[in-house]
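*Asks:* File protein_10.csv below, CSV, C-alpha atoms and all ligand atoms:
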```csv
chain,number,residue,atom,x,y,z
D,1,MET,CA,-14.5,31.4,113.3
D,2,GLN,CA,-15.9,30.1,116.5
D,3,MET,CA,-18.2,27.2,116.4
D,4,THR,CA,-21.3,27.6,118.6
D,5,LEU,CA,-24.8,26.2,119.1
D,6,ARG,CA,-28.0,28.2,119.8
D,7,TRP,CA,-29.3,27.6,123.3
D,8,TYR,CA,-32.6,28.9,124.6
D,9,GLY,CA,-31.8,28.7,128.3
D,10,SER,CA,-32.3,26.0,130.9
D,11,LYS,CA,-36.0,26.9,131.3
D,12,TYR,CA,-36.9,26.5,127.6
D,13,ASP,CA,-34.4,24.2,125.9
D,14,THR,CA,-34.5,20.4,125.8
D,15,VAL,CA,-30.8,20.4,125.2
D,16,THR,CA,-28.4,20.9,128.1
D,17,LEU,CA,-25.2,22.9,128.3
D,18,LYS,CA,-23.4,19.7,129.4
D,19,GLN,CA,-24.5,18.1,126.1
D,20,ILE,CA,-23.3,21.0,124.1
D,21,ARG,CA,-20.0,21.1,125.8
D,22,GLN,CA,-19.4,17.5,124.6
D,23,ILE,CA,-19.8,18.3,120.9
D,24,PRO,CA,-16.2,18.4,119.6
D,25,GLY,CA,-15.1,21.9,118.6
D,26,VAL,CA,-18.1,23.7,120.0
D,27,THR,CA,-16.8,26.3,122.4
D,28,GLY,CA,-19.7,28.7,122.8
D,29,VAL,CA,-23.4,29.2,122.8
D,30,ILE,CA,-25.6,31.9,121.3
D,31,SER,CA,-28.4,32.6,123.7
D,32,THR,CA,-31.0,35.1,124.7
D,33,LEU,CA,-33.3,36.0,127.6
D,34,TYR,CA,-36.1,34.0,126.1
D,35,GLY,CA,-38.8,35.2,128.5
D,36,THR,CA,-38.5,38.9,127.7
D,37,ALA,CA,-40.9,40.6,125.3
D,38,PRO,CA,-39.7,42.8,122.4
D,39,GLY,CA,-39.3,46.3,123.7
D,40,GLU,CA,-38.5,45.4,127.3
D,41,VAL,CA,-35.3,46.5,129.0
D,42,TRP,CA,-33.1,43.6,129.9
D,43,GLU,CA,-32.1,43.4,133.6
D,44,MET,CA,-28.3,43.4,134.2
D,45,ASP,CA,-28.7,40.7,136.8
D,46,ASP,CA,-30.4,38.4,134.3
D,47,ILE,CA,-27.7,39.0,131.7
D,48,LEU,CA,-25.0,38.3,134.2
D,49,ALA,CA,-26.7,35.2,135.5
D,50,LEU,CA,-27.1,33.8,131.9
D,51,LYS,CA,-23.4,34.5,131.3
D,52,LYS,CA,-22.3,32.8,134.5
D,53,GLU,CA,-24.4,29.7,133.9
D,54,ILE,CA,-22.9,29.3,130.5
D,55,GLU,CA,-19.3,29.9,131.7
D,56,ASP,CA,-19.8,27.6,134.7
D,57,ALA,CA,-20.6,24.9,132.1
D,58,GLY,CA,-17.2,25.5,130.4
D,59,LEU,CA,-18.7,27.5,127.4
D,60,GLU,CA,-18.6,31.1,126.3
D,61,LEU,CA,-21.7,33.3,125.7
D,62,ALA,CA,-20.5,34.2,122.1
D,63,GLY,CA,-23.4,36.5,121.3
D,64,ILE,CA,-27.2,37.1,121.6
D,65,GLU,CA,-29.8,35.8,119.2
D,66,SER,CA,-32.0,37.8,119.4
D,67,VAL,CA,-32.7,41.1,121.0
D,68,ASN,CA,-36.0,41.5,119.2
D,69,ILE,CA,-37.3,44.8,117.9
D,70,HIS,CA,-40.6,46.1,119.0
D,71,ASP,CA,-43.2,46.6,116.2
D,72,ALA,CA,-43.4,50.3,116.9
D,73,ILE,CA,-39.8,50.6,115.6
D,74,LYS,CA,-40.6,48.7,112.5
D,75,ILE,CA,-43.8,50.5,111.9
D,76,GLY,CA,-42.3,53.9,112.8
D,77,SER,CA,-45.1,54.9,115.1
D,78,PRO,CA,-44.7,57.9,117.5
D,79,ASP,CA,-43.8,55.8,120.5
D,80,ARG,CA,-40.8,54.3,118.7
D,81,ASP,CA,-38.3,56.6,120.4
D,82,MET,CA,-39.2,55.1,123.8
D,83,TYR,CA,-38.6,51.6,122.5
D,84,ILE,CA,-35.3,52.6,120.9
D,85,GLU,CA,-34.2,54.1,124.2
D,86,ASN,CA,-35.0,50.8,125.9
D,87,TYR,CA,-33.1,48.9,123.2
D,88,ILE,CA,-30.1,51.2,123.7
D,89,THR,CA,-30.2,50.5,127.5
D,90,THR,CA,-30.2,46.8,126.8
D,91,LEU,CA,-27.3,47.1,124.4
D,92,GLU,CA,-25.4,49.2,127.0
D,93,ARG,CA,-25.8,46.5,129.6
D,94,LEU,CA,-24.8,43.8,127.2
D,95,GLY,CA,-21.7,45.8,126.3
D,96,ARG,CA,-20.8,46.2,129.9
D,97,ALA,CA,-21.2,42.4,130.4
D,98,GLY,CA,-18.7,41.9,127.6
D,99,ILE,CA,-21.0,40.7,124.9
D,100,HIS,CA,-20.1,42.0,121.4
D,101,MET,CA,-22.5,40.4,118.9
D,102,VAL,CA,-26.3,40.9,118.8
D,103,CYS,CA,-28.4,39.3,116.1
D,104,TYR,CA,-31.9,40.7,115.4
D,105,ASN,CA,-34.3,40.8,112.5
D,106,PHE,CA,-36.6,43.4,110.9
D,107,MET,CA,-39.4,41.2,109.7
D,108,PRO,CA,-42.9,42.5,110.1
D,109,VAL,CA,-45.3,40.4,112.2
D,110,PHE,CA,-43.8,37.0,111.6
D,111,ASP,CA,-40.3,35.8,112.1
D,112,TRP,CA,-39.5,32.9,109.7
D,113,THR,CA,-42.4,31.2,108.0
D,114,ARG,CA,-42.9,27.5,107.2
D,115,SER,CA,-45.9,25.5,106.0
D,116,GLU,CA,-44.9,22.3,107.8
D,117,LEU,CA,-42.9,21.7,110.9
D,118,ALA,CA,-42.5,17.9,110.5
D,119,ARG,CA,-42.3,16.8,106.9
D,120,MET,CA,-41.1,13.2,106.5
D,121,ARG,CA,-38.0,12.7,104.4
D,122,PRO,CA,-37.0,9.4,102.7
D,123,ASP,CA,-34.7,8.5,105.6
D,124,GLY,CA,-37.5,8.8,108.1
D,125,SER,CA,-36.3,12.1,109.7
D,126,THR,CA,-38.7,15.0,109.9
D,127,VAL,CA,-37.9,18.6,108.9
D,128,LEU,CA,-39.3,22.0,108.6
D,129,ALA,CA,-40.6,22.7,105.0
D,130,TYR,CA,-42.1,25.4,102.9
D,131,ASN,CA,-44.7,25.2,100.1
D,132,GLN,CA,-45.9,28.4,98.5
D,133,GLU,CA,-49.2,27.0,97.4
D,134,ALA,CA,-50.0,25.8,100.9
D,135,ILE,CA,-49.1,29.3,102.3
D,136,ASP,CA,-51.3,31.0,99.6
D,137,ALA,CA,-54.2,28.8,100.6
D,138,ILE,CA,-54.4,29.9,104.3
D,139,VAL,CA,-54.9,33.1,106.2
D,140,PRO,CA,-52.3,34.1,108.8
D,141,GLU,CA,-54.5,33.3,111.8
D,142,GLN,CA,-54.9,29.7,110.6
D,143,MET,CA,-51.2,29.5,110.3
D,144,PHE,CA,-50.7,30.2,113.9
D,145,GLU,CA,-53.2,27.5,114.9
D,146,SER,CA,-51.7,24.9,112.7
D,147,ILE,CA,-48.2,25.6,114.0
D,148,ALA,CA,-49.2,25.7,117.6
D,149,GLY,CA,-50.1,22.0,117.6
D,150,ASP,CA,-46.7,21.0,116.2
D,151,MET,CA,-44.2,22.6,118.6
D,152,ASN,CA,-43.6,19.5,120.8
D,153,GLY,CA,-44.6,21.4,123.9
D,154,THR,CA,-42.0,24.1,123.3
D,155,VAL,CA,-42.4,27.7,122.3
D,156,MET,CA,-40.8,28.6,119.1
D,157,PRO,CA,-39.2,32.0,118.5
D,158,GLY,CA,-41.5,34.4,116.8
D,159,TRP,CA,-44.5,32.2,117.4
D,160,GLU,CA,-45.2,33.1,121.0
D,161,PRO,CA,-48.9,32.8,122.1
D,162,GLU,CA,-49.0,36.6,123.0
D,163,ARG,CA,-48.2,37.4,119.4
D,164,MET,CA,-50.6,34.9,118.0
D,165,ALA,CA,-53.5,36.6,119.9
D,166,ARG,CA,-52.6,39.9,118.3
D,167,VAL,CA,-52.1,38.9,114.7
D,168,LYS,CA,-55.1,40.7,113.2
D,169,GLU,CA,-54.2,43.9,115.0
D,170,LEU,CA,-50.6,43.7,113.9
D,171,PHE,CA,-51.6,43.4,110.2
D,172,GLU,CA,-53.7,46.5,110.6
D,173,LEU,CA,-50.8,48.4,112.1
D,174,TYR,CA,-48.5,47.5,109.2
D,175,LYS,CA,-51.0,48.5,106.5
D,176,ASP,CA,-49.1,51.7,105.4
D,177,VAL,CA,-45.6,50.2,105.7
D,178,ASP,CA,-44.1,49.3,102.3
D,179,ASP,CA,-40.5,48.3,101.5
D,180,GLU,CA,-39.3,52.0,101.3
D,181,LYS,CA,-40.9,52.8,104.6
D,182,LEU,CA,-39.4,49.8,106.2
D,183,PHE,CA,-35.9,50.7,104.9
D,184,GLU,CA,-36.4,54.2,106.3
D,185,ASN,CA,-37.5,52.9,109.7
D,186,LEU,CA,-34.5,50.6,109.8
D,187,LYS,CA,-32.2,53.5,109.0
D,188,TYR,CA,-33.7,55.6,111.7
D,189,PHE,CA,-33.2,52.8,114.3
D,190,LEU,CA,-29.6,52.0,113.2
D,191,GLU,CA,-28.5,55.6,113.4
D,192,LYS,CA,-29.8,55.9,116.9
D,193,ILE,CA,-28.1,52.8,118.2
D,194,MET,CA,-24.7,53.1,116.4
D,195,PRO,CA,-23.2,55.4,119.1
D,196,VAL,CA,-23.7,52.8,121.9
D,197,CYS,CA,-22.4,50.0,119.5
D,198,ASP,CA,-19.3,52.1,118.8
D,199,LYS,CA,-18.8,52.7,122.5
D,200,TYR,CA,-19.0,49.0,123.5
D,201,ASP,CA,-17.8,47.5,120.2
D,202,ILE,CA,-21.1,45.7,119.6
D,203,ASN,CA,-21.5,44.1,116.2
D,204,MET,CA,-25.2,44.3,115.1
D,205,ALA,CA,-26.0,41.4,112.8
D,206,ILE,CA,-29.3,41.6,111.0
D,207,HIS,CA,-30.9,38.2,110.2
D,208,PRO,CA,-32.4,37.8,106.7
D,209,ASP,CA,-36.1,37.4,106.1
D,210,ASP,CA,-37.1,33.9,105.7
D,211,PRO,CA,-38.3,33.0,103.1
D,212,ALA,CA,-36.6,35.8,101.2
D,213,TRP,CA,-39.7,37.3,99.7
D,214,SER,CA,-43.0,38.9,100.8
D,215,VAL,CA,-45.4,36.6,102.6
D,216,PHE,CA,-49.1,37.4,103.3
D,217,GLY,CA,-48.5,40.8,101.5
D,218,LEU,CA,-46.1,42.0,104.2
D,219,PRO,CA,-43.0,44.0,103.1
D,220,ARG,CA,-39.7,42.2,103.4
D,221,ILE,CA,-36.4,43.9,102.7
D,222,ILE,CA,-33.5,41.8,103.9
D,223,ILE,CA,-33.7,39.3,101.0
D,224,ASN,CA,-30.9,39.7,98.5
D,225,LYS,CA,-27.5,41.2,97.7
D,226,GLU,CA,-28.8,44.5,96.4
D,227,ASN,CA,-30.9,45.3,99.4
D,228,ILE,CA,-28.3,44.2,101.9
D,229,LEU,CA,-25.6,46.3,100.3
D,230,ARG,CA,-28.0,49.2,100.3
D,231,MET,CA,-28.5,48.7,104.0
D,232,MET,CA,-24.7,48.5,104.7
D,233,LYS,CA,-24.2,51.8,102.8
D,234,MET,CA,-27.2,53.7,104.3
D,235,VAL,CA,-25.5,53.4,107.7
D,236,ASP,CA,-21.9,52.9,106.8
D,237,ASN,CA,-20.5,51.7,110.1
D,238,LYS,CA,-18.7,48.4,110.7
D,239,HIS,CA,-21.0,47.7,113.6
D,240,ASN,CA,-23.9,47.7,111.1
D,241,GLY,CA,-23.5,44.2,109.9
D,242,VAL,CA,-25.3,41.0,109.0
D,243,THR,CA,-26.0,37.4,110.1
D,244,PHE,CA,-25.3,35.4,107.0
D,245,CYS,CA,-27.9,32.7,107.1
D,246,SER,CA,-27.5,30.4,104.1
D,247,GLY,CA,-30.8,28.7,104.7
D,248,SER,CA,-32.7,32.0,104.6
D,249,TYR,CA,-31.0,33.8,101.7
D,250,GLY,CA,-30.9,30.4,100.0
D,251,THR,CA,-34.7,30.2,99.9
D,252,ASN,CA,-34.4,32.3,96.7
D,253,LEU,CA,-32.4,30.2,94.2
D,254,GLU,CA,-31.4,33.4,92.5
D,255,ASN,CA,-29.2,34.4,95.5
D,256,ASP,CA,-25.6,33.3,94.8
D,257,LEU,CA,-24.6,32.5,98.3
D,258,PRO,CA,-20.7,32.4,98.0
D,259,ASP,CA,-20.9,35.6,96.0
D,260,MET,CA,-23.0,37.4,98.6
D,261,ILE,CA,-20.6,36.3,101.3
D,262,ARG,CA,-17.6,37.7,99.4
D,263,SER,CA,-19.4,41.0,98.8
D,264,LEU,CA,-20.0,41.4,102.5
D,265,LYS,CA,-16.4,41.1,103.6
D,266,GLY,CA,-15.9,42.8,107.0
D,267,ARG,CA,-19.6,43.1,107.7
D,268,ILE,CA,-20.6,39.4,108.4
D,269,HIS,CA,-20.6,39.2,112.2
D,270,PHE,CA,-22.4,35.9,112.6
D,271,ALA,CA,-23.0,32.9,110.3
D,272,HIS,CA,-25.9,30.4,110.2
D,273,VAL,CA,-24.9,27.6,107.9
D,274,ARG,CA,-27.5,25.0,106.8
D,275,ASN,CA,-28.6,23.3,103.6
D,276,LEU,CA,-32.0,23.2,101.8
D,277,LYS,CA,-33.4,20.6,99.4
D,278,PHE,CA,-35.5,22.1,96.7
D,279,ASN,CA,-38.3,20.0,95.1
D,280,SER,CA,-39.3,23.0,93.0
D,281,PRO,CA,-38.5,26.7,93.2
D,282,THR,CA,-41.5,27.2,95.6
D,283,ASP,CA,-41.2,24.0,97.6
D,284,PHE,CA,-38.2,23.3,99.8
D,285,GLU,CA,-37.3,21.4,102.9
D,286,GLU,CA,-34.5,21.6,105.4
D,287,ALA,CA,-32.0,18.9,104.6
D,288,ALA,CA,-29.0,17.6,106.5
D,289,HIS,CA,-26.1,19.9,106.5
D,290,LEU,CA,-24.1,17.6,104.1
D,291,SER,CA,-23.9,19.1,100.6
D,292,SER,CA,-25.1,15.9,98.9
D,293,ASP,CA,-28.3,15.8,101.0
D,294,GLY,CA,-29.5,19.1,99.6
D,295,THR,CA,-29.1,21.8,97.0
D,296,PHE,CA,-26.3,24.0,98.2
D,297,ASP,CA,-22.5,23.4,97.9
D,298,MET,CA,-21.6,23.7,101.6
D,299,TYR,CA,-17.9,23.5,100.8
D,300,GLU,CA,-18.2,26.7,98.7
D,301,ILE,CA,-20.1,28.5,101.4
D,302,MET,CA,-17.5,27.6,104.0
D,303,ARG,CA,-14.6,28.5,101.6
D,304,ALA,CA,-16.1,31.9,100.9
D,305,LEU,CA,-16.3,32.6,104.7
D,306,TYR,CA,-12.7,31.4,105.0
D,307,ASP,CA,-11.6,33.6,102.1
D,308,ILE,CA,-13.1,36.8,103.6
D,309,GLY,CA,-11.3,36.1,106.9
D,310,PHE,CA,-14.5,35.5,108.8
D,311,GLU,CA,-13.7,35.5,112.6
D,312,GLY,CA,-17.1,35.6,114.2
D,313,PRO,CA,-19.4,33.0,115.8
D,314,ILE,CA,-20.9,30.5,113.4
D,315,ARG,CA,-23.6,27.9,114.1
D,316,PRO,CA,-25.3,25.0,112.4
D,317,ASP,CA,-28.9,26.1,111.9
D,318,HIS,CA,-32.2,24.2,112.0
D,319,GLY,CA,-31.5,20.5,112.2
D,320,ARG,CA,-33.6,17.5,111.2
D,321,MET,CA,-35.4,15.6,113.9
D,322,ILE,CA,-33.6,12.2,114.1
D,323,TRP,CA,-33.1,9.3,116.4
D,324,ASP,CA,-36.5,9.8,118.0
D,325,GLU,CA,-35.5,13.0,119.7
D,326,VAL,CA,-38.3,15.2,121.0
D,327,ALA,CA,-37.4,18.9,120.9
D,328,MET,CA,-38.3,22.3,119.5
D,329,PRO,CA,-38.6,21.8,115.7
D,330,GLY,CA,-35.2,22.5,114.2
D,331,TYR,CA,-33.5,22.8,117.5
D,332,GLY,CA,-32.7,19.3,118.7
D,333,LEU,CA,-29.3,18.1,119.8
D,334,TYR,CA,-28.4,15.3,117.4
D,335,ASP,CA,-28.6,16.7,114.0
D,336,ARG,CA,-27.2,20.1,115.0
D,337,ALA,CA,-24.2,18.2,116.6
D,338,LEU,CA,-23.7,16.4,113.3
D,339,GLY,CA,-23.9,19.7,111.5
D,340,ALA,CA,-21.3,21.4,113.7
D,341,THR,CA,-19.0,18.4,113.3
D,342,TYR,CA,-19.3,18.5,109.5
D,343,LEU,CA,-18.8,22.2,109.3
D,344,ASN,CA,-15.8,22.0,111.5
D,345,GLY,CA,-14.4,19.3,109.2
D,346,LEU,CA,-14.9,21.4,106.1
D,347,TRP,CA,-13.2,24.3,107.8
D,348,GLU,CA,-10.2,22.2,108.9
D,349,ALA,CA,-9.7,20.9,105.4
D,350,ILE,CA,-10.0,24.4,103.8
D,351,GLU,CA,-7.6,25.9,106.3
D,352,LYS,CA,-5.0,23.1,105.8
D,353,SER,CA,-5.2,23.0,102.1
D,354,HIS,CA,-4.8,26.8,102.1
D,355,LYS,CA,-1.7,26.6,104.3
D,356,ASN,CA,-0.2,23.8,102.2
D,357,ASN,CA,-0.5,25.7,99.0
V,401,LIG,C1,-34.5,31.6,112.6
V,401,LIG,C2,-34.9,32.9,113.3
V,401,LIG,O1,-32.1,31.6,112.2
V,401,LIG,C3,-33.1,31.1,112.7
V,401,LIG,O2,-32.9,30.0,113.3
V,401,LIG,O3,-35.2,30.5,113.2
V,401,LIG,O4,-35.7,32.7,114.3
V,401,LIG,C4,-33.8,33.8,113.7
V,401,LIG,O5,-33.2,33.4,114.9
V,401,LIG,C5,-34.3,35.2,114.0
V,401,LIG,O6,-35.0,35.7,112.8
V,401,LIG,C6,-33.2,36.2,114.3
V,401,LIG,O7,-33.7,37.4,114.9
V,402,MN,MN,-30.9,31.5,110.5
```
If you took the structure in this file and wrote it as structure tokens, what would it be?
*Replies:*
Amino acid sequence: MQMTLRWYGSKYDTVTLKQIRQIPGVTGVISTLYGTAPGEVWEMDDILALKKEIEDAGLELAGIESVNIHDAIKIGSPDRDMYIENYITTLERLGRAGIHMVCYNFMPVFDWTRSELARMRPDGSTVLAYNQEAIDAIVPEQMFESIAGDMNGTVMPGWEPERMARVKELFELYKDVDDEKLFENLKYFLEKIMPVCDKYDINMAIHPDDPAWSVFGLPRIIINKENILRMMKMVDNKHNGVTFCSGSYGTNLENDLPDMIRSLKGRIHFAHVRNLKFNSPTDFEEAAHLSSDGTFDMYEIMRALYDIGFEGPIRPDHGRMIWDEVAMPGYGLYDRALGATYLNGLWEAIEKSHKNN
């Protein structure tokens, strides 16, 4: 595995490449052209400039998170072919630039959903949290408003103001899309892009839906082992793979995370490893990465990744806000640096105990 950190680019991130370079064991970043809208073709010059900036700082651009999918593709509307063509052009350019991992998601309307962006934990840190009753009590438009005030002056992925303005219209467009239709549209998209992925050896890594169930009545399919294996089989190509995000699959306590990892051998191209603390099955908050601070056994998660021979980029995910840092919720420097260090420690111990046995 290669330890990385997500970085939004110098225009948007409060964390610098210089700071990332100083986290022991972090050799790359996962980035994106954050200013581009879903459906837009990425300019080659912009891709190369991003890559150069990262390399000049002594790091590697280890992959893209995300090249977002236009709603027309998820809805399956007549103009989807044009947006798929654009996506293919972007992949081709990324491939030519030597980038081999692309993370994306197939969630309708919203990316991840949380009811709070700054819940206080007993140690005084603040974290993203989810409470089902709170979500059930609001309408989606309200959710955008309540979140907007909490972003610490940053723009969070999936919650861009342009999308907020269109939320009603988006719900209307998805009204005939159920789980089956969404699967079909995903298959259609993947079949079209596989040739360019084969040509440039680009590993597509779908991110799970977060939380891993339907919210606001919208269909959600990348939620459990059964669905993800169905997706792997429906387009049976190594380049059709997954981002294994423990914090997203883990929202559903019925998901056995190490077992899911083992069942996806060869198809996990990217890993997001973080911990959640459950107060009840429908109320959870994002804990520190350390096993004892939350509900998951992080050692078992890392060991499963080790056992399947995982070689791709990995990153700590959403960190807590600690030590008075002001940053994009979940994406400060301090707690993610602690997370990376802890995960590196687990990996070293697993690797050495394996070799000594
Ligand atoms: C999430 C998502 O993993 C995460 O940190 O916050 O925004 C994720 O990046 C996207 O769903 C991937 O396309
Ligand atoms: Mn994730």
*Asks:* Excluding D:Asp71 and any residue of its chain fewer than 4 positions from it, enumerate the residues within 9 Å of it, using all atoms listed in the file, and give them as an MDAnalysis selection string.
*Replies:* chainID D and resid 38:39 75:77 80 108:109 170 173:174
*Asks:* Using all atoms listed in the file, which of the listed residues (D:Leu182, D:Met107, D:Val273, D:Met194) sits closest to D:Pro211?
*Replies:*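 Ranked by minimum distance to D:Pro211, first place goes to D:Met107.
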*Asks:* If the limit is 10 Å from any atom of ligand LIG 401 (chain V), counting all atoms listed in the file, which residues qualify? Return them as a PyMOL selection string.
*Replies:* chain D and resi 6+64-69+102-107+110-113+156-159+205-210+243-248+271-274+315-319+329-331
*Asks:* Kindly indicate which residue among D:Met101, D:Phe270, D:Asn356, D:Met321 lies nearest to ligand MN 402 (chain V), using only C-alpha atoms and all ligand atoms for the distances.
*Replies:*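 Going through D:Met101, D:Phe270, D:Asn356, D:Met321 one by one, the smallest distance to ligand MN 402 (chain V) is for D:Phe270.
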*Asks:* Restricting the calculation to only C-alpha atoms and all ligand atoms, which member of D:Asn227, D:Thr251, D:Asn131, D:Ser263 is positioned closest to ligand MN 402 (chain V)?
*Replies:*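 Ranked by minimum distance to ligand MN 402 (chain V), first place goes to D:Thr251.
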*Asks:* For D:Phe189, please output as a compact mmCIF listing (two decimals) with C-alpha atoms, in the frame of the given file all residues within 9 Å (counting all atoms listed in the file; exclusion window: fewer than 5 positions along the same chain).
*Replies:*
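Now in part_4.txt:
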```txt
# COMPACT_ATOMS: atom_id res chain seq x y z
CA ILE D 73 -39.80 50.60 115.60
CA LYS D 74 -40.60 48.70 112.50
CA ARG D 80 -40.80 54.30 118.70
CA ASP D 81 -38.30 56.60 120.40
CA ILE D 84 -35.30 52.60 120.90
CA GLU D 184 -36.40 54.20 106.30
CA MET D 194 -24.70 53.10 116.40
```
*Asks:* Determine, counting all atoms listed in the file, which protein, DNA and RNA residues have an atom within 9 Å of an atom of D:Arg262; residues of the same chain fewer than 6 positions away are not included. Present the result as number ranges by chain.
*Replies:* D: 304-305, 307-308
*Asks:* In Å, how far is it from atom CA of D:Glu92 to atom CA of D:Thr36?
*Replies:*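 Atom CA of D:Glu92 sits 16.7 Å away from atom CA of D:Thr36.
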*Asks:* With distances taken over all atoms listed in the file, which residue among D:Ala62, D:Met298, D:Ile23, D:Leu257 lies nearest D:Asp335?
*Replies:*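 Looking at the shortest contact to D:Asp335, the residue is D:Ile23.
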*Asks:* If we count all atoms listed in the file, what is near D:Asp45 at a cut-off of 12 Å, once residues fewer than 5 positions away on the same chain are taken out, given as a list in words?
*Replies:*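 Everything that qualifies: Leu33, Leu50, Lys51, Lys52, Thr90, Arg93, Leu94, Arg96 and Ala97 of chain D.
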*Asks:* Let me make sure I understand: among D:Arg119, D:Leu5, D:Ile88, D:Pro281, which one has the smallest atom-to-atom distance to ligand MN 402 (chain V) if we use all atoms listed in the file?
*Replies:*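 The closest residue to ligand MN 402 (chain V) is D:Leu5.
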*Asks:* Provide the atom CA of D:Trp323 to atom CA of D:Leu59 distance in Å, to one decimal place.
*Replies:*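 The value is 25.7 Å.
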*Asks:* Considering only C-alpha atoms and all ligand atoms, state which residue in the set D:Phe284, D:Tyr83, D:Tyr249, D:Phe171 is at the smallest distance from ligand MN 402 (chain V).
*Replies:* D:Tyr249
*Asks:* Excluding D:Tyr306 and its own-chain neighbours fewer than 3 positions away, which residues fall within 9 Å of it when counting only C-alpha atoms? Please give them as a list of chain:residue names.
*Replies:*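 Neighbouring residues, sequence-local ones excluded: D:Met1, D:Ile301, D:Met302, D:Arg303, D:Gly309, D:Phe310, D:Glu311, D:Trp347, D:Ile350, D:Glu351.
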*Asks:* Can those selected residues be exported to a file as a compact mmCIF listing (two decimals), in the coordinates of the input so that it contains C-alpha atoms?
*Replies:*
```txt
# COMPACT_ATOMS: atom_id res chain seq x y z
CA MET D 1 -14.50 31.40 113.30
CA ILE D 301 -20.10 28.50 101.40
CA MET D 302 -17.50 27.60 104.00
CA ARG D 303 -14.60 28.50 101.60
CA GLY D 309 -11.30 36.10 106.90
CA PHE D 310 -14.50 35.50 108.80
CA GLU D 311 -13.70 35.50 112.60
CA TRP D 347 -13.20 24.30 107.80
CA ILE D 350 -10.00 24.40 103.80
CA GLU D 351 -7.60 25.90 106.30
```
